[in-house]
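What follows is the content of run-v3.pdb, which has PDB, C-alpha atoms and all ligand atoms:
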```pdb
ATOM      1  CA  MET A  22      41.871   6.793 111.022
ATOM      2  CA  ILE A  23      42.752   9.306 113.705
ATOM      3  CA  VAL A  24      43.208  12.809 112.296
ATOM      4  CA  THR A  25      43.644  16.183 113.932
ATOM      5  CA  THR A  26      40.649  18.082 115.212
ATOM      6  CA  LYS A  27      41.913  21.046 113.208
ATOM      7  CA  GLN A  28      41.693  19.080 109.953
ATOM      8  CA  LEU A  29      38.106  18.104 110.714
ATOM      9  CA  PHE A  30      37.172  21.692 111.606
ATOM     10  CA  GLU A  31      38.642  22.986 108.348
ATOM     11  CA  GLN A  32      36.412  20.588 106.436
ATOM     12  CA  ALA A  33      33.283  21.331 108.453
ATOM     13  CA  TYR A  34      33.415  25.087 109.092
ATOM     14  CA  GLY A  35      30.230  26.890 108.102
ATOM     15  CA  GLU A  36      28.674  23.786 106.558
ATOM     16  CA  TYR A  37      28.078  21.176 109.210
ATOM     17  CA  ALA A  38      29.009  20.353 112.803
ATOM     18  CA  LEU A  39      30.945  17.316 113.965
ATOM     19  CA  GLY A  40      29.240  15.218 116.582
ATOM     20  CA  ALA A  41      31.472  14.989 119.663
ATOM     21  CA  TYR A  42      30.461  11.849 121.520
ATOM     22  CA  ASN A  43      31.774  10.645 124.886
ATOM     23  CA  ILE A  44      32.866   7.058 125.381
ATOM     24  CA  ASN A  45      33.228   4.894 128.481
ATOM     25  CA  ASN A  46      32.932   1.228 127.522
ATOM     26  CA  THR A  47      33.164  -1.284 124.694
ATOM     27  CA  GLU A  48      29.487  -1.310 123.785
ATOM     28  CA  GLN A  49      29.481   2.453 123.429
ATOM     29  CA  VAL A  50      32.625   2.383 121.270
ATOM     30  CA  MET A  51      31.203  -0.320 118.979
ATOM     31  CA  GLY A  52      27.845   1.458 118.576
ATOM     32  CA  LEU A  53      29.544   4.804 118.038
ATOM     33  CA  PHE A  54      31.834   3.620 115.245
ATOM     34  CA  GLN A  55      29.072   1.603 113.595
ATOM     35  CA  GLY A  56      26.697   4.588 113.619
ATOM     36  CA  ASN A  57      29.288   6.924 112.151
ATOM     37  CA  VAL A  58      30.305   4.489 109.423
ATOM     38  CA  ASP A  59      26.646   3.717 108.621
ATOM     39  CA  SER A  60      25.885   7.426 108.246
ATOM     40  CA  GLN A  61      29.238   8.134 106.546
ATOM     41  CA  ALA A  62      30.158  10.866 109.007
ATOM     42  CA  PRO A  63      33.496  12.082 110.382
ATOM     43  CA  PHE A  64      33.287  12.551 114.154
ATOM     44  CA  ILE A  65      35.074  13.346 117.413
ATOM     45  CA  ILE A  66      35.507  10.907 120.297
ATOM     46  CA  GLN A  67      35.528  12.601 123.669
ATOM     47  CA  ILE A  68      37.193  11.211 126.749
ATOM     48  CA  SER A  69      36.359  12.892 130.029
ATOM     49  CA  ARG A  70      38.318  12.781 133.255
ATOM     50  CA  GLY A  71      35.465  10.682 134.657
ATOM     51  CA  ALA A  72      35.848   8.160 131.836
ATOM     52  CA  ARG A  73      39.614   7.972 132.420
ATOM     53  CA  ALA A  74      38.934   7.216 136.081
ATOM     54  CA  TYR A  75      36.058   4.759 135.412
ATOM     55  CA  SER A  76      38.222   2.002 133.963
ATOM     56  CA  ASP A  77      41.706   3.136 133.069
ATOM     57  CA  LYS A  78      42.921   5.654 130.515
ATOM     58  CA  ARG A  79      44.934   2.882 128.794
ATOM     59  CA  MET A  80      41.779   0.802 128.405
ATOM     60  CA  LEU A  81      40.029   3.665 126.617
ATOM     61  CA  GLU A  82      42.984   4.186 124.303
ATOM     62  CA  ALA A  83      43.201   0.462 123.553
ATOM     63  CA  MET A  84      39.482   0.314 122.722
ATOM     64  CA  ILE A  85      39.835   3.238 120.342
ATOM     65  CA  ARG A  86      42.870   1.704 118.629
ATOM     66  CA  ALA A  87      40.972  -1.573 118.225
ATOM     67  CA  ALA A  88      37.898   0.186 116.840
ATOM     68  CA  ASP A  89      40.134   2.054 114.417
ATOM     69  CA  GLU A  90      41.232  -1.331 113.053
ATOM     70  CA  ILE A  91      37.769  -2.890 113.054
ATOM     71  CA  PHE A  92      36.150   0.125 111.357
ATOM     72  CA  ALA A  93      38.995   1.000 108.983
ATOM     73  CA  GLU A  94      36.797   3.450 107.065
ATOM     74  CA  ALA A  95      36.119   5.692 110.082
ATOM     75  CA  VAL A  96      37.761   9.123 110.278
ATOM     76  CA  PHE A  97      37.810  10.762 113.698
ATOM     77  CA  ALA A  98      39.701  12.886 116.204
ATOM     78  CA  VAL A  99      40.328  12.027 119.873
ATOM     79  CA  HIS A 100      39.615  14.826 122.341
ATOM     80  CA  LEU A 101      39.944  15.319 126.101
ATOM     81  CA  ASP A 102      36.637  16.707 127.415
ATOM     82  CA  HIS A 103      36.748  19.251 130.287
ATOM     83  CA  GLY A 104      40.379  18.830 131.267
ATOM     84  CA  ASP A 105      42.154  20.516 134.128
ATOM     85  CA  GLU A 106      45.736  21.612 133.560
ATOM     86  CA  GLU A 107      47.321  18.404 134.832
ATOM     87  CA  THR A 108      45.110  16.115 132.749
ATOM     88  CA  CYS A 109      45.720  18.255 129.664
ATOM     89  CA  TYR A 110      49.484  17.823 130.067
ATOM     90  CA  ASP A 111      49.082  14.076 130.583
ATOM     91  CA  CYS A 112      47.061  13.806 127.355
ATOM     92  CA  ILE A 113      49.418  16.059 125.388
ATOM     93  CA  GLU A 114      52.408  13.982 126.466
ATOM     94  CA  SER A 115      50.674  10.676 125.684
ATOM     95  CA  GLY A 116      50.855  11.472 121.965
ATOM     96  CA  PHE A 117      47.420   9.881 121.511
ATOM     97  CA  TYR A 118      45.091  12.870 121.645
ATOM     98  CA  SER A 119      44.256  15.125 118.682
ATOM     99  CA  SER A 120      43.061  17.928 120.959
ATOM    100  CA  VAL A 121      42.442  18.786 124.588
ATOM    101  CA  MET A 122      39.923  21.000 126.299
ATOM    102  CA  ILE A 123      41.208  23.141 129.122
ATOM    103  CA  ASP A 124      38.200  24.169 131.167
ATOM    104  CA  ALA A 125      39.267  27.072 133.348
ATOM    105  CA  SER A 126      35.904  28.783 132.901
ATOM    106  CA  SER A 127      35.185  28.791 136.622
ATOM    107  CA  PHE A 128      38.216  31.051 137.219
ATOM    108  CA  PRO A 129      38.151  34.834 136.832
ATOM    109  CA  PHE A 130      38.902  36.065 133.286
ATOM    110  CA  GLU A 131      42.599  36.862 133.796
ATOM    111  CA  GLU A 132      43.258  33.501 135.428
ATOM    112  CA  ASN A 133      41.357  31.686 132.684
ATOM    113  CA  VAL A 134      43.568  33.490 130.141
ATOM    114  CA  ALA A 135      46.781  32.577 131.994
ATOM    115  CA  ILE A 136      45.894  28.895 132.496
ATOM    116  CA  THR A 137      44.629  28.481 128.930
ATOM    117  CA  LYS A 138      47.737  30.163 127.509
ATOM    118  CA  ARG A 139      50.036  27.792 129.429
ATOM    119  CA  VAL A 140      48.156  24.776 128.059
ATOM    120  CA  VAL A 141      48.120  26.203 124.519
ATOM    121  CA  ASP A 142      51.904  26.701 124.594
ATOM    122  CA  ARG A 143      52.550  23.114 125.715
ATOM    123  CA  ALA A 144      49.933  21.654 123.348
ATOM    124  CA  HIS A 145      51.055  23.517 120.254
ATOM    125  CA  ALA A 146      54.655  22.448 120.835
ATOM    126  CA  SER A 147      53.370  18.873 120.421
ATOM    127  CA  GLY A 148      50.985  19.520 117.532
ATOM    128  CA  VAL A 149      47.868  19.185 119.719
ATOM    129  CA  SER A 150      45.082  21.758 119.419
ATOM    130  CA  VAL A 151      43.210  23.317 122.314
ATOM    131  CA  GLU A 152      39.562  24.033 123.038
ATOM    132  CA  ALA A 153      38.967  26.558 125.814
ATOM    133  CA  GLU A 154      35.814  27.795 127.533
ATOM    134  CA  LEU A 155      34.641  31.279 128.326
ATOM    135  CA  GLY A 156      31.388  31.972 130.109
ATOM    136  CA  GLN A 157      29.870  29.255 132.232
ATOM    137  CA  LEU A 158      27.333  26.583 131.448
ATOM    138  CA  GLY A 159      25.008  25.280 134.117
ATOM    139  CA  GLY A 160      24.113  21.710 134.967
ATOM    140  CA  VAL A 161      25.856  18.670 136.311
ATOM    141  CA  GLU A 162      28.484  16.731 134.451
ATOM    142  CA  GLU A 163      30.388  14.025 136.294
ATOM    143  CA  ASP A 164      32.405  15.829 138.965
ATOM    144  CA  ILE A 165      31.538  19.295 137.654
ATOM    145  CA  SER A 166      28.418  20.910 139.048
ATOM    146  CA  VAL A 167      27.547  24.530 138.362
ATOM    147  CA  ASP A 168      24.793  26.275 140.309
ATOM    148  CA  GLU A 169      22.287  28.425 138.432
ATOM    149  CA  ASP A 170      23.577  31.620 140.050
ATOM    150  CA  GLN A 171      27.094  30.986 138.696
ATOM    151  CA  VAL A 172      25.945  30.519 135.114
ATOM    152  CA  HIS A 173      26.860  33.319 132.751
ATOM    153  CA  LEU A 174      26.691  33.629 129.014
ATOM    154  CA  THR A 175      29.775  34.355 126.918
ATOM    155  CA  ASP A 176      30.479  38.019 126.192
ATOM    156  CA  PRO A 177      31.462  38.211 122.464
ATOM    157  CA  LYS A 178      33.949  41.084 122.884
ATOM    158  CA  GLN A 179      35.621  39.310 125.778
ATOM    159  CA  ALA A 180      35.679  36.141 123.640
ATOM    160  CA  ALA A 181      37.571  37.948 120.885
ATOM    161  CA  GLU A 182      40.117  39.240 123.414
ATOM    162  CA  PHE A 183      40.405  35.786 125.027
ATOM    163  CA  ILE A 184      41.082  34.061 121.701
ATOM    164  CA  GLU A 185      43.648  36.682 120.726
ATOM    165  CA  ARG A 186      45.514  36.484 124.045
ATOM    166  CA  THR A 187      45.468  32.717 124.551
ATOM    167  CA  GLY A 188      45.953  31.494 120.978
ATOM    168  CA  CYS A 189      43.381  28.733 121.599
ATOM    169  CA  ASP A 190      42.109  26.874 118.533
ATOM    170  CA  SER A 191      38.405  26.696 119.339
ATOM    171  CA  LEU A 192      36.097  28.120 121.962
ATOM    172  CA  ALA A 193      33.237  26.603 123.894
ATOM    173  CA  CYS A 194      30.767  29.390 124.471
ATOM    174  CA  ALA A 195      27.883  29.492 126.881
ATOM    175  CA  ILE A 196      24.702  30.394 125.001
ATOM    176  CA  GLY A 197      22.096  28.940 127.335
ATOM    177  CA  THR A 198      22.655  25.188 127.158
ATOM    178  CA  SER A 199      23.650  23.144 130.212
ATOM    179  CA  HIS A 200      25.045  19.688 130.865
ATOM    180  CA  GLY A 201      22.871  16.747 131.831
ATOM    181  CA  ALA A 202      19.254  15.705 131.295
ATOM    182  CA  PHE A 203      17.541  18.668 132.974
ATOM    183  CA  LYS A 204      18.400  21.640 130.816
ATOM    184  CA  PHE A 205      15.368  23.885 130.820
ATOM    185  CA  SER A 206      12.697  24.418 133.425
ATOM    186  CA  GLY A 207      10.692  26.762 131.189
ATOM    187  CA  SER A 208      10.899  27.157 127.461
ATOM    188  CA  GLN A 209      14.217  26.631 125.712
ATOM    189  CA  SER A 210      16.120  29.815 125.023
ATOM    190  CA  LEU A 211      19.386  29.589 123.140
ATOM    191  CA  HIS A 212      21.291  32.782 122.456
ATOM    192  CA  PHE A 213      22.416  32.429 118.872
ATOM    193  CA  GLU A 214      23.073  36.163 118.750
ATOM    194  CA  ILE A 215      26.195  35.439 120.826
ATOM    195  CA  VAL A 216      27.478  32.955 118.247
ATOM    196  CA  LYS A 217      26.684  35.416 115.454
ATOM    197  CA  ALA A 218      28.502  38.249 117.242
ATOM    198  CA  ILE A 219      31.618  36.104 117.820
ATOM    199  CA  GLN A 220      31.584  34.969 114.208
ATOM    200  CA  TYR A 221      31.328  38.609 113.132
ATOM    201  CA  LEU A 222      34.282  39.626 115.329
ATOM    202  CA  ILE A 223      36.473  36.608 114.461
ATOM    203  CA  PRO A 224      35.317  35.202 111.134
ATOM    204  CA  GLY A 225      36.375  31.620 110.520
ATOM    205  CA  PHE A 226      37.071  30.790 114.163
ATOM    206  CA  PRO A 227      35.615  27.396 115.187
ATOM    207  CA  LEU A 228      33.095  27.465 118.028
ATOM    208  CA  VAL A 229      31.876  24.609 120.201
ATOM    209  CA  LEU A 230      28.521  23.921 121.832
ATOM    210  CA  HIS A 231      28.503  21.935 125.042
ATOM    211  CA  GLY A 232      25.397  20.588 126.725
ATOM    212  CA  SER A 233      23.688  19.857 123.431
ATOM    213  CA  SER A 234      21.852  16.603 124.093
ATOM    214  CA  SER A 235      18.257  16.719 122.931
ATOM    215  CA  VAL A 236      16.960  14.420 125.715
ATOM    216  CA  PRO A 237      14.368  12.787 123.401
ATOM    217  CA  GLN A 238      11.038  12.729 125.203
ATOM    218  CA  GLU A 239      10.255   9.261 123.876
ATOM    219  CA  GLU A 240      13.407   7.940 125.592
ATOM    220  CA  VAL A 241      12.479   9.661 128.847
ATOM    221  CA  GLU A 242       8.935   8.259 128.734
ATOM    222  CA  ARG A 243      10.162   4.741 128.009
ATOM    223  CA  ILE A 244      12.731   4.926 130.811
ATOM    224  CA  ASN A 245      10.068   6.127 133.249
ATOM    225  CA  ALA A 246       7.613   3.439 132.078
ATOM    226  CA  ALA A 247      10.297   0.827 132.781
ATOM    227  CA  GLY A 248      10.915   1.952 136.354
ATOM    228  CA  GLY A 249      12.966   5.123 135.902
ATOM    229  CA  ALA A 250      12.305   8.432 137.624
ATOM    230  CA  LEU A 251      13.461  11.144 135.225
ATOM    231  CA  LYS A 252      10.746  13.721 135.756
ATOM    232  CA  GLY A 253      11.046  16.977 133.840
ATOM    233  CA  ALA A 254      14.068  15.913 131.778
ATOM    234  CA  ARG A 255      14.399  18.268 128.791
ATOM    235  CA  GLY A 256      17.019  19.014 126.149
ATOM    236  CA  VAL A 257      18.032  21.152 123.207
ATOM    237  CA  ASP A 258      15.893  21.218 120.065
ATOM    238  CA  PRO A 259      18.091  19.181 117.674
ATOM    239  CA  THR A 260      16.794  21.076 114.639
ATOM    240  CA  GLN A 261      18.956  23.930 115.979
ATOM    241  CA  TYR A 262      22.190  21.986 115.361
ATOM    242  CA  LEU A 263      22.442  22.801 111.657
ATOM    243  CA  PRO A 264      21.617  26.538 111.965
ATOM    244  CA  ALA A 265      24.326  26.690 114.667
ATOM    245  CA  ALA A 266      26.777  24.945 112.322
ATOM    246  CA  LYS A 267      26.112  27.536 109.628
ATOM    247  CA  LEU A 268      27.194  30.189 112.152
ATOM    248  CA  GLY A 269      30.601  28.570 112.675
ATOM    249  CA  VAL A 270      29.814  25.992 115.380
ATOM    250  CA  CYS A 271      32.043  23.099 114.293
ATOM    251  CA  LYS A 272      31.634  20.743 117.255
ATOM    252  CA  ILE A 273      28.463  19.825 119.116
ATOM    253  CA  ASN A 274      28.832  17.782 122.315
ATOM    254  CA  ILE A 275      26.362  14.979 122.956
ATOM    255  CA  ASP A 276      26.818  12.686 125.944
ATOM    256  CA  THR A 277      23.622  12.542 128.001
ATOM    257  CA  ASP A 278      21.549  11.257 125.064
ATOM    258  CA  GLY A 279      23.807   8.212 124.742
ATOM    259  CA  ARG A 280      23.330   7.437 128.432
ATOM    260  CA  LEU A 281      19.568   7.677 127.981
ATOM    261  CA  VAL A 282      19.672   5.127 125.158
ATOM    262  CA  TRP A 283      21.704   2.797 127.408
ATOM    263  CA  THR A 284      19.317   3.235 130.339
ATOM    264  CA  ARG A 285      16.185   2.695 128.243
ATOM    265  CA  VAL A 286      17.533  -0.444 126.556
ATOM    266  CA  HIS A 287      18.692  -2.047 129.813
ATOM    267  CA  ARG A 288      15.645  -1.100 131.894
ATOM    268  CA  GLU A 289      13.265  -2.404 129.248
ATOM    269  CA  TYR A 290      15.317  -5.513 128.588
ATOM    270  CA  PHE A 291      15.482  -6.678 132.187
ATOM    271  CA  ARG A 292      11.847  -5.718 132.806
ATOM    272  CA  ASP A 293      10.762  -7.830 129.826
ATOM    273  CA  HIS A 294      13.218 -10.690 130.430
ATOM    274  CA  PRO A 295      13.446 -11.095 134.205
ATOM    275  CA  GLU A 296      14.971 -14.555 133.764
ATOM    276  CA  VAL A 297      18.000 -13.232 131.839
ATOM    277  CA  PHE A 298      21.349 -12.553 133.462
ATOM    278  CA  ASP A 299      23.517 -12.567 130.342
ATOM    279  CA  PHE A 300      24.469  -8.935 129.967
ATOM    280  CA  ARG A 301      25.548  -9.526 126.376
ATOM    281  CA  LYS A 302      21.900  -9.773 125.327
ATOM    282  CA  PRO A 303      20.883  -6.204 126.200
ATOM    283  CA  GLY A 304      24.471  -5.159 125.374
ATOM    284  CA  LYS A 305      23.970  -6.247 121.780
ATOM    285  CA  VAL A 306      20.603  -4.473 121.574
ATOM    286  CA  TYR A 307      22.270  -1.338 122.946
ATOM    287  CA  MET A 308      25.099  -1.412 120.381
ATOM    288  CA  ASP A 309      22.562  -1.542 117.530
ATOM    289  CA  GLU A 310      20.289   1.083 119.065
ATOM    290  CA  TYR A 311      23.186   3.397 119.828
ATOM    291  CA  ALA A 312      24.482   3.051 116.261
ATOM    292  CA  ARG A 313      21.046   4.059 114.967
ATOM    293  CA  PHE A 314      20.898   6.966 117.382
ATOM    294  CA  ILE A 315      24.337   8.246 116.318
ATOM    295  CA  ALA A 316      23.366   8.031 112.653
ATOM    296  CA  SER A 317      20.187  10.037 113.361
ATOM    297  CA  ARG A 318      22.203  12.754 115.181
ATOM    298  CA  ASN A 319      24.672  12.983 112.316
ATOM    299  CA  GLU A 320      21.779  13.675 109.944
ATOM    300  CA  LEU A 321      20.721  16.585 112.164
ATOM    301  CA  LEU A 322      24.281  17.873 112.537
ATOM    302  CA  GLY A 323      24.726  17.774 108.780
ATOM    303  CA  SER A 324      27.868  15.614 109.108
ATOM    304  CA  ALA A 325      26.217  12.522 107.590
ATOM    305  CA  GLY A 326      27.429  11.739 104.092
ATOM    306  CA  HIS A 327      30.648  13.791 104.336
ATOM    307  CA  LEU A 328      33.016  10.875 104.938
ATOM    308  CA  PRO A 329      34.032  10.287 101.276
ATOM    309  CA  GLU A 330      34.921  13.951 100.823
ATOM    310  CA  VAL A 331      36.905  13.977 104.088
ATOM    311  CA  HIS A 332      38.773  10.848 102.916
ATOM    312  CA  ALA A 333      39.589  12.595  99.648
ATOM    313  CA  ALA A 334      40.658  15.867 101.305
ATOM    314  CA  LEU A 335      42.860  14.215 103.938
ATOM    315  CA  GLY A 336      44.255  11.574 101.617
ATOM    316  CA  ALA A 337      42.848   8.942 103.935
TER     317      ALA A 337
HETATM  318  P1  LIG A 401      25.111  16.833 127.359
HETATM  319  O1  LIG A 401      25.035  16.594 128.817
HETATM  320  O2  LIG A 401      24.038  17.753 126.880
HETATM  321  O3  LIG A 401      25.171  15.586 126.568
HETATM  322  O4  LIG A 401      26.485  17.612 127.073
HETATM  323  C1  LIG A 401      27.691  16.902 127.014
HETATM  324  C2  LIG A 401      28.872  17.794 126.975
HETATM  325  O5  LIG A 401      28.786  18.978 126.726
HETATM  326  C3  LIG A 401      30.187  17.176 127.247
HETATM  327  O6  LIG A 401      31.183  18.115 127.396
END
```
Represent the structure contained in this file as structure tokens.
Ligand code: 13P
Amino acid sequence: MIVTTKQLFEQAYGEYALGAYNINNTEQVMGLFQGNVDSQAPFIIQISRGARAYSDKRMLEAMIRAADEIFAEAVFAVHLDHGDEETCYDCIESGFYSSVMIDASSFPFEENVAITKRVVDRAHASGVSVEAELGQLGGVEEDISVDEDQVHLTDPKQAAEFIERTGCDSLACAIGTSHGAFKFSGSQSLHFEIVKAIQYLIPGFPLVLHGSSSVPQEEVERINAAGGALKGARGVDPTQYLPAAKLGVCKINIDTDGRLVWTRVHREYFRDHPEVFDFRKPGKVYMDEYARFIASRNELLGSAGHLPEVHAALGA
């Protein structure tokens, strides 16, 4: 059942974080729903602009509607990941999305405020909630690439002003994570003091962590052993998810890790079965492996096991 992102945040705040997982194709959708139902977790499906361009936005919507029927027990929200203004309006008007992210974080503060406010006004008129971003994450994500010298962490006081002026419903803050598989060259340093300071200034306001894939080293090693070349790939320590959730982080974005599972399964499969050209064979392995991976993330996020209570609270 598709619910609003706001409803899920109200249930999760301060206790656990919702996994926000990106989707692009059928296998990913099937594995994602299976993993969330298996671990009894509510979740958020993210659709990026890249995903909408990869096949067709209607294909993604149709897959989600079908999965909603196949996995009738699932409770989830549908969210636009890293939208520009135009894509946000398209999603708001479609009536399909629970929430949109307007990412105007590369603009100066005043412009970010103005753009975000315009999107919030249009979204709220249609009952859609809005995630905004302040501060800038590094890394590469689809068509967005941010150089190291442009990265800056979120200023908590500015965040409080931004939230007040824009009326946004949640805020992605930059605390040292970055998108992609190469997050840290040295040791990992996440700035939880920023999250704490925002929570102190605006108690109860839902925060979002982007760039949170853990880039499991076992996956990286297996990919490299099967012909890959991912040297130095590193991610976030996933035991940090739950402490972040306790500080008001309600949504934790994980995309890269799912791609790593896909890459490992397919590289190993075709290495070990060079005679095979039926893509359904590794596709089936991937669906099962991805479901297991999702369930393991939900344990770390603390969202596993909360589905019955969400059903009861939302009358689902
Ligand atoms: P990762 O690249 O760490 O998976 O982050 C994904 C993300 O933040 C999507 O918005």
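Neighbouring residues of Met51 of chain A at 10 Å or closer, counting only C-alpha atoms and skipping chain neighbours under 3 positions away, are A:Ile44, A:Asn46, A:Thr47, A:Glu48, A:Phe54, A:Gln55, A:Gly56, A:Met84, A:Ile85, A:Ala87, A:Ala88, A:Ile91, A:Phe92, A:Lys305, A:Tyr307, A:Met308, A:Asp309, A:Tyr311, A:Ala312.
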Among listed residues A:Arg186, A:His231, A:Arg288, A:Arg313, nearest Ile136 of chain A (using only C-alpha atoms): A:Arg186
I need the residue set behind the PyMOL selection byres (((chain A and resi 139-155) around 9) and not hetatm) for this file; please write it as an mmCIF file with C-alpha atoms, in the frame of the given file.
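As a result, expr11.cif now contains:
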```cif
data_model
loop_
_atom_site.group_PDB
_atom_site.id
_atom_site.type_symbol
_atom_site.label_atom_id
_atom_site.label_comp_id
_atom_site.auth_asym_id
_atom_site.auth_seq_id
_atom_site.Cartn_x
_atom_site.Cartn_y
_atom_site.Cartn_z
ATOM 1 C CA THR A 25 43.644 16.183 113.932
ATOM 2 C CA THR A 26 40.649 18.082 115.212
ATOM 3 C CA LYS A 27 41.913 21.046 113.208
ATOM 4 C CA HIS A 103 36.748 19.251 130.287
ATOM 5 C CA GLU A 106 45.736 21.612 133.560
ATOM 6 C CA CYS A 109 45.720 18.255 129.664
ATOM 7 C CA TYR A 110 49.484 17.823 130.067
ATOM 8 C CA ILE A 113 49.418 16.059 125.388
ATOM 9 C CA GLU A 114 52.408 13.982 126.466
ATOM 10 C CA GLY A 116 50.855 11.472 121.965
ATOM 11 C CA TYR A 118 45.091 12.870 121.645
ATOM 12 C CA SER A 119 44.256 15.125 118.682
ATOM 13 C CA SER A 120 43.061 17.928 120.959
ATOM 14 C CA VAL A 121 42.442 18.786 124.588
ATOM 15 C CA MET A 122 39.923 21.000 126.299
ATOM 16 C CA ILE A 123 41.208 23.141 129.122
ATOM 17 C CA ASP A 124 38.200 24.169 131.167
ATOM 18 C CA ALA A 125 39.267 27.072 133.348
ATOM 19 C CA SER A 126 35.904 28.783 132.901
ATOM 20 C CA SER A 127 35.185 28.791 136.622
ATOM 21 C CA PHE A 130 38.902 36.065 133.286
ATOM 22 C CA ASN A 133 41.357 31.686 132.684
ATOM 23 C CA VAL A 134 43.568 33.490 130.141
ATOM 24 C CA ALA A 135 46.781 32.577 131.994
ATOM 25 C CA ILE A 136 45.894 28.895 132.496
ATOM 26 C CA THR A 137 44.629 28.481 128.930
ATOM 27 C CA LYS A 138 47.737 30.163 127.509
ATOM 28 C CA GLY A 156 31.388 31.972 130.109
ATOM 29 C CA GLN A 157 29.870 29.255 132.232
ATOM 30 C CA LEU A 174 26.691 33.629 129.014
ATOM 31 C CA THR A 175 29.775 34.355 126.918
ATOM 32 C CA ASP A 176 30.479 38.019 126.192
ATOM 33 C CA GLN A 179 35.621 39.310 125.778
ATOM 34 C CA ALA A 180 35.679 36.141 123.640
ATOM 35 C CA PHE A 183 40.405 35.786 125.027
ATOM 36 C CA ILE A 184 41.082 34.061 121.701
ATOM 37 C CA THR A 187 45.468 32.717 124.551
ATOM 38 C CA GLY A 188 45.953 31.494 120.978
ATOM 39 C CA CYS A 189 43.381 28.733 121.599
ATOM 40 C CA ASP A 190 42.109 26.874 118.533
ATOM 41 C CA SER A 191 38.405 26.696 119.339
ATOM 42 C CA LEU A 192 36.097 28.120 121.962
ATOM 43 C CA ALA A 193 33.237 26.603 123.894
ATOM 44 C CA CYS A 194 30.767 29.390 124.471
ATOM 45 C CA ALA A 195 27.883 29.492 126.881
ATOM 46 C CA LEU A 228 33.095 27.465 118.028
ATOM 47 C CA VAL A 229 31.876 24.609 120.201
#
```
Per-axis box centre and lengths in Å around segment 35-53 of chain A, 5 Å margin per side, axis-aligned, as lines of an AutoDock Vina configuration file:
```
center_x = 30.5
center_y = 12.8
center_z = 117.5
size_x = 15.4
size_y = 38.2
size_z = 31.9
```
Test item: residues at most 10 Å from Leu251 of chain A, all atoms listed in the file, excluding those fewer than 6 positions along its chain, as a list in words: Ala202, Phe203, Val241, Glu242, Ile244 and Asn245 of chain A
Shell of 9 Å around ligand LIG 401 (chain A) (only C-alpha atoms and all ligand atoms), written as JSON, numbers by chain: {"A": [41, 42, 43, 67, 69, 102, 103, 160, 161, 162, 198, 199, 200, 201, 202, 203, 204, 230, 231, 232, 233, 234, 235, 236, 256, 257, 273, 274, 275, 276, 277, 278, 279, 280]}
The selected residues should be written to file as a compact mmCIF listing (two decimals), in the coordinates of the input (atoms: C-alpha atoms).
```
# COMPACT_ATOMS: atom_id res chain seq x y z
CA ALA A 41 31.47 14.99 119.66
CA TYR A 42 30.46 11.85 121.52
CA ASN A 43 31.77 10.64 124.89
CA GLN A 67 35.53 12.60 123.67
CA SER A 69 36.36 12.89 130.03
CA ASP A 102 36.64 16.71 127.42
CA HIS A 103 36.75 19.25 130.29
CA GLY A 160 24.11 21.71 134.97
CA VAL A 161 25.86 18.67 136.31
CA GLU A 162 28.48 16.73 134.45
CA THR A 198 22.66 25.19 127.16
CA SER A 199 23.65 23.14 130.21
CA HIS A 200 25.04 19.69 130.86
CA GLY A 201 22.87 16.75 131.83
CA ALA A 202 19.25 15.70 131.29
CA PHE A 203 17.54 18.67 132.97
CA LYS A 204 18.40 21.64 130.82
CA LEU A 230 28.52 23.92 121.83
CA HIS A 231 28.50 21.94 125.04
CA GLY A 232 25.40 20.59 126.72
CA SER A 233 23.69 19.86 123.43
CA SER A 234 21.85 16.60 124.09
CA SER A 235 18.26 16.72 122.93
CA VAL A 236 16.96 14.42 125.72
CA GLY A 256 17.02 19.01 126.15
CA VAL A 257 18.03 21.15 123.21
CA ILE A 273 28.46 19.82 119.12
CA ASN A 274 28.83 17.78 122.32
CA ILE A 275 26.36 14.98 122.96
CA ASP A 276 26.82 12.69 125.94
CA THR A 277 23.62 12.54 128.00
CA ASP A 278 21.55 11.26 125.06
CA GLY A 279 23.81 8.21 124.74
CA ARG A 280 23.33 7.44 128.43
```
Test item: the PyMOL selection byres (((chain A and resi 29-32) around 12) and not hetatm) resolved as a PyMOL selection string: chain A and resi 22-28+33-41+62-65+96-99+119-120+150+152+190-191+225-229+266+269-273+324+327-335
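Of the listed residues (A:Ile219, A:Met80, A:Ala247, A:Ala316), A:Ala247 comes nearest to Glu289 of chain A; the distances count only C-alpha atoms.
With only C-alpha atoms as the atoms that count, the minimum distance from Gly253 of chain A to the choices A:Gln238, A:Gly71, A:Glu185, A:Lys267 is reached by A:Gln238.
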Length of the atom CA of Ser206 of chain A to atom CA of Arg285 of chain A vector [Å]: 22.6 Å
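Proximity ranking of A:Leu81, A:Cys112, A:Val50, A:Val306 relative to Val286 of chain A places A:Val306 first, based on all atoms listed in the file.
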Distance criterion (only C-alpha atoms): nearest to Phe314 of chain A out of A:Asp293, A:Asp258, A:Asp59, A:Asp77: A:Asp59
All residues 10 Å or closer to Arg70 of chain A, all atoms listed in the file, same chain fewer than 6 positions away omitted, as a PyMOL selection string: chain A and resi 78+101-105+108-109+163-164
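Picture a line from atom CA of Glu107 of chain A to atom CA of His173 of chain A; it runs 25.4 Å.
The space separating atom CA of Asp89 of chain A from atom CA of Ser60 of chain A comes to 16.4 Å.
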Hits from the PyMOL selection byres (((chain A and resi 215) around 8) and not hetatm), listed as an NGL selection string: :A and (175-177 or 196 or 212-214 or 216-219)
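Closest approach to Asp111 of chain A among A:Arg301, A:Leu322, A:Arg73, A:His294 is made by A:Arg73 (distances from all atoms listed in the file).
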